[in-house]
Structures are given as structure tokens and as C-alpha cells.
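**Student:** Here it is, the structure, as C-alpha cells.
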Amino acid sequence: MRTVTLPVAYMPLVDAAPLIVAQEMGFAESEAIALELIPAPSWSSLRDMLSFGRVDAAHMLSVAPVAMGLGLGGMTTPLAAVSVLSVNGNVIGVGRVLQDRLRAQGYGFDFTDAFAAARALKDAGQGKITFGVPFPFSMHVELLRYWAERSPLGLDSVEVRTVPPPLMAEALEAGDIDAFCVGEPWGSVAVDRGLGALLLPGQAIWQGAPEKVLAVRQDWAETEPDLLGRLMRAVWKSSRWLAQPNSHIAAAEILSRKGFLDLPSELIDRALTGRMVISGQGEQRECPGFLRFQGAAASFPWRSQSAWIADRLRLSHGVTGDLSGGINAFRADIYRQHMTRTDADLPGASAKLEGALAHPTAVASTKGRLSLLPDRFFDGAIFDPDGAE
């Protein structure tokens, strides 16, 4: 089979690992493709690279294809999120001023209790807190808003400002932002530079948040189904390798290289292992499942998750009418089509009640051995996707 080169855009984040590892470890080669990995300077430029055909596929924020399907953001090229690249992996952090106030209040930075963190931050904030976020249409914004509106923090206390992930530490140091929600390793970079402390992992707000997706243009998916299948299977194999604990050291070394994240491998290893350093004093917190690539249907693009995102965007942006354009951005049908040639255990349904699982739960699947992991929201809410259809 002739090897085909596919240009693929990514942002320099740990959760770009499935694409980077697919190329570097030979999983792409096993599918007779080569990935031309192109780093983007910002999420808006990455979105434009994919929309205008500069690349065929992209490591993309899970919210972005849904927002585009709803006509938000000024770019309406139909995109298909054909698989989830990562679940969780974000951190909420605060700058030195807020860190000092929180410690003066006796807050212990337990890194688990979203309600306690919100109460403490409300008192320490003394008014509006400016959070740096990577993009207006992102899980970072949705987690922040959900947390604020359903906790003592309150939406009135939160202001968001867009900052590209690699510049988050600089924005914090310059005083342009008071806090941040960003994907790793950029929260850890701020910590290691002594600019603040980590307050919460994203999973403390929603245990099952789809963070990044593998996105392609809808027309490309229709005209190049063979290439798409080869790309998806290469990424699936890569994600399976990444999910193995004995792969973490090698994965961190690959991602640390100058052509990719260009950061110390130890910094990257924190997200892969869930052993987070939360402050310049070296305080550590164990965070199992901090970032997941595969297992328990982690890579499956649940229609109920795109429905949750679409419903949140409806509330925050005043979207009226039918939400199907956004919900349909998550393509479980395409995932099923191309994953049948792998060992993937596919769930019997394409939607579920989001937030309903408090314990690992066996569900119907093609191979009969699938259990889903807890996916609770911090406030105990349960989202029924039928209400958003």
C-alpha cells in the first residue's frame, strides 16, 4: 500500500500525544500513512488551518466543532469530531496574589473539593477574577462557567480572557490575568516558574469531560473515507500504547523533544502519571485519571457529550432553535465504521446520561467487556441528552 502523507495541526500540549506518538512510534506507518505534524500558534489559527484546507485533520478543542455547527465564532465550515483524543487534563490555577490570600485564609489546596475551592476563592478574590483561557469555545470556559454558576464563586466573579496556552505563564507574570484554566503542561510551567499554584484539576468539576477531539472537515470525511479510517486506527493504536503505565517515561521523552513541546520530560510526566506538583514549595497531589487517552470508551465521541456542550453554548450565547447542527458534530457513526477493524469494544448506545455514573459500570458493548468509569459532575447533576435534542 502506498504511504500517503497527511498534514495534521496540533497545539503543543500533552494531550496532543496520540498524534505525536502515532507518528514517532510507527503506528501511522503501520496504516501506510505519514503525519506531517504542524504546530499552531493559537487555537484560532488551528481552526482556520483546518477549515481552509491547510491541513486534513487537527487536534482540536472538543467545544469548537460544536460551536461551529451552531454558527458561533464566525467560522461555519462543517467539522466532524471523529474520535475523542483525551478525557480531562486541564488545571485551574491562581497567581501569587490569590495564592497568598488563600493560604492566609487557611485554605489547604486539597486539589479535590470544587465546592471548598470555590468558597475560598470567592473570599480571596475580593471582586471579579480574570481567568486566562485558551479559546472562547473550549472545555476550559465551559468548566469554569459551570463551576462558577453552581458554586459559591458565582458567575459575576468570573471574567475570561483568551491567552494561547504557551503564553499563560507570561500573562500571569505580567498581571494580565489573576488565574487560569489551561491544559498541561502549561499550568505546571507557571508553577515551576514560581508564579502561582494549582487549585483544581478539571476532573474535580466533571470527571468525564471530553477535552480534545480528532477533527476533520465533513467533506473530507466523505471523500476520503479510506484515509480517514487509516488515520483513526493509527491514533487508536497510539492511544492504546499511551494508556499503558509502562509507556509514560518514553511518551514524556518523545513529547519533550525540541520539535514538539520543547520542555523537560519531568514536567510532562506529571500529567501522564497524575502525580501533580501544585506549588513552588513542591507540594504534590495524586490525581488518578488526571488525563486519559483510552480505556472505558474514552475515545468514543458520545452524542450525549456534544449535546451537553451544545446546551451549555445555548445558555451562554443565546442560541435559539434547533441544536442538531452542533450535536451532530460528534460522529459516533464514523467511529463505529472505522473501529470495527480494531480490537475496540464499542458501546451499544451512542448516548448516555452524563454525570450518572458514580462507580465503574458495565454496559452493553460489541465484545461484552466494557465498563465505563465515573463521570460525575461536582454538584451531582445529571444531564439527559434527550432534553437538548
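Labels for the C-alpha cells follow display order: chains A, B, ..., residues from 1 in each chain, ligands from 1.
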Looking only at the backbone, which of the residues in stretch 97-300 of chain A does DSSP tag as alpha helix (DSSP H), as a PyMOL selection string?
**Tutor:** chain A and resi 97-104+114-125+139-149+168-174+186-192+218-223+225-242+248-256+265-273
**Student:** Kindly provide the residues of stretch 275-353 of chain A that approach stretch 16-40 of chain A to within 12 Å, each paired with its closest atom pair and their distance in Å to one decimal, based on only C-alpha atoms, listed by chain and increasing number, as JSON lines.
**Tutor:**
{"residue": "A:Leu291", "atom": "CA", "partner": "A:Ala17", "partner_atom": "CA", "distance": 11.1}
{"residue": "A:Arg292", "atom": "CA", "partner": "A:Pro18", "partner_atom": "CA", "distance": 10.8}
{"residue": "A:Phe293", "atom": "CA", "partner": "A:Pro18", "partner_atom": "CA", "distance": 7.6}
{"residue": "A:Gln294", "atom": "CA", "partner": "A:Pro18", "partner_atom": "CA", "distance": 9.8}
{"residue": "A:Ser299", "atom": "CA", "partner": "A:Pro18", "partner_atom": "CA", "distance": 10.7}
{"residue": "A:Arg341", "atom": "CA", "partner": "A:Glu31", "partner_atom": "CA", "distance": 11.7}
{"residue": "A:Thr342", "atom": "CA", "partner": "A:Glu31", "partner_atom": "CA", "distance": 11.9}
**Student:** Would you mind exporting the chosen residues as a short mmCIF file (atom, residue, chain, number, x, y, z; two decimals), in the first residue's frame, restricted to all heavy atoms?
**Tutor:**
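The result, written out as result_8.cif:
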data_model
loop_
_atom_site.label_atom_id
_atom_site.label_comp_id
_atom_site.auth_asym_id
_atom_site.auth_seq_id
_atom_site.Cartn_x
_atom_site.Cartn_y
_atom_site.Cartn_z
N LEU A 291 -5.54 12.53 33.22
CA LEU A 291 -5.61 12.63 31.76
C LEU A 291 -5.72 11.21 31.21
O LEU A 291 -4.88 10.37 31.49
CB LEU A 291 -4.35 13.31 31.23
CG LEU A 291 -4.13 13.34 29.71
CD1 LEU A 291 -5.24 14.11 29.01
CD2 LEU A 291 -2.77 13.95 29.39
N ARG A 292 -6.79 10.95 30.44
CA ARG A 292 -7.00 9.61 29.90
C ARG A 292 -7.06 9.65 28.37
O ARG A 292 -7.68 10.54 27.80
CB ARG A 292 -8.29 8.99 30.45
CG ARG A 292 -8.24 8.73 31.95
CD ARG A 292 -9.37 7.83 32.40
NE ARG A 292 -10.67 8.46 32.31
CZ ARG A 292 -11.66 8.05 31.54
NH1 ARG A 292 -11.51 7.03 30.70
NH2 ARG A 292 -12.83 8.68 31.55
N PHE A 293 -6.41 8.67 27.75
CA PHE A 293 -6.39 8.58 26.29
C PHE A 293 -7.24 7.43 25.77
O PHE A 293 -7.80 7.51 24.67
CB PHE A 293 -4.96 8.40 25.79
CG PHE A 293 -4.06 9.56 26.09
CD1 PHE A 293 -3.03 9.45 27.01
CD2 PHE A 293 -4.23 10.78 25.44
CE1 PHE A 293 -2.20 10.52 27.29
CE2 PHE A 293 -3.40 11.86 25.71
CZ PHE A 293 -2.39 11.73 26.64
N GLN A 294 -7.30 6.34 26.51
CA GLN A 294 -8.06 5.19 26.04
C GLN A 294 -8.48 4.33 27.23
O GLN A 294 -8.01 4.51 28.35
CB GLN A 294 -7.26 4.34 25.04
CG GLN A 294 -8.16 3.48 24.14
CD GLN A 294 -7.39 2.68 23.12
OE1 GLN A 294 -7.22 1.49 23.26
NE2 GLN A 294 -6.92 3.36 22.08
N SER A 299 -12.18 7.16 24.03
CA SER A 299 -12.05 7.79 22.71
C SER A 299 -13.36 7.82 21.91
O SER A 299 -13.39 8.33 20.80
CB SER A 299 -10.97 7.06 21.89
OG SER A 299 -11.32 5.70 21.69
N ARG A 341 -12.39 -2.55 12.59
CA ARG A 341 -11.17 -3.26 12.17
C ARG A 341 -10.10 -3.23 13.25
O ARG A 341 -8.94 -3.55 12.99
CB ARG A 341 -10.65 -2.67 10.86
CG ARG A 341 -11.56 -2.95 9.67
CD ARG A 341 -11.10 -2.23 8.42
NE ARG A 341 -9.74 -2.55 8.04
CZ ARG A 341 -9.12 -2.04 6.97
NH1 ARG A 341 -9.78 -1.18 6.19
NH2 ARG A 341 -7.88 -2.37 6.68
N THR A 342 -10.47 -2.84 14.45
CA THR A 342 -9.55 -2.85 15.59
C THR A 342 -10.14 -3.74 16.68
O THR A 342 -11.20 -4.34 16.52
CB THR A 342 -9.35 -1.44 16.17
OG1 THR A 342 -10.57 -1.03 16.83
CG2 THR A 342 -9.02 -0.43 15.08
#
**Student:** Run DSSP on the backbone and tell me which residues of stretch 335-377 of chain A come out as strand (DSSP E or B); list them as a list in words.
**Tutor:** Pro347, Glu354, Thr361, Ala362, Ser365, Ser371, Leu372 and Phe377 of chain A
**Student:** Please list as a list in words every residue within 9 Å of A:Ala67, counting only C-alpha atoms and excluding residues in the same chain fewer than 2 positions away.
**Tutor:**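 Contacts, in chain order: Val63, Ala64, Pro65, Gly69, Leu70, Gly71, Leu72, Gly73, Thr76, Phe137, Ile309, Ala310, Leu313, Gly325 and Gly326 of chain A.
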**Student:** Quick one: residues within 10 Å of stretch 364-373 of chain A, only C-alpha atoms counted, chain neighbours fewer than 5 positions away excluded, as number ranges by chain?
**Tutor:** A: 207-208, 289, 295-298, 340, 343-349, 357-359
**Student:** Which residue, A:Gln337, A:Ser188, A:Ser238, A:Ser247, has the smallest gap to A:Ile268 when you use only C-alpha atoms?
**Tutor:**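 Under the stated criterion, the closest residue is A:Ser188.
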**Student:** What lies within 10 Å of A:Gly196 using only C-alpha atoms, ignoring chain neighbours under 4 positions off, as a ChimeraX atom specification?
**Tutor:** /A:93-100,169,172-173,178-179,187-192,278-280
**Student:** For atom CA of A:Gly355 and atom CA of A:Phe383, quote the distance in Å rounded to one decimal.
**Tutor:**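 Those two atoms sit 6.5 Å apart.
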**Student:** Could you work out how far atom CA of A:Ala332 lies from atom CA of A:Val82, giving the answer in Å with one decimal?
**Tutor:**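 A separation of 6.9 Å between them.
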**Student:** Determine, counting only C-alpha atoms, which protein, DNA and RNA residues have an atom within 10 Å of an atom of A:Asp379; residues of the same chain fewer than 5 positions away are not included. Present the result as a list in words.
**Tutor:**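 In the requested format, the answer is Ala114, Phe115, Tyr146, Trp147, Arg150, Ser151, Ile205, Trp206 and Gly355 of chain A.
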**Student:** Restricting the calculation to only C-alpha atoms, which member of A:Ser304, A:Ala209, A:Met276, A:Gly132 is positioned closest to A:Asp110?
**Tutor:** A:Met276
**Student:** Rank nothing, just name the residue among A:Phe300, A:Phe330, A:Phe290, A:Tyr335 nearest to A:Leu231, using only C-alpha atoms.
**Tutor:**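 Ranking A:Phe300, A:Phe330, A:Phe290, A:Tyr335 by distance to A:Leu231, first place goes to A:Tyr335.
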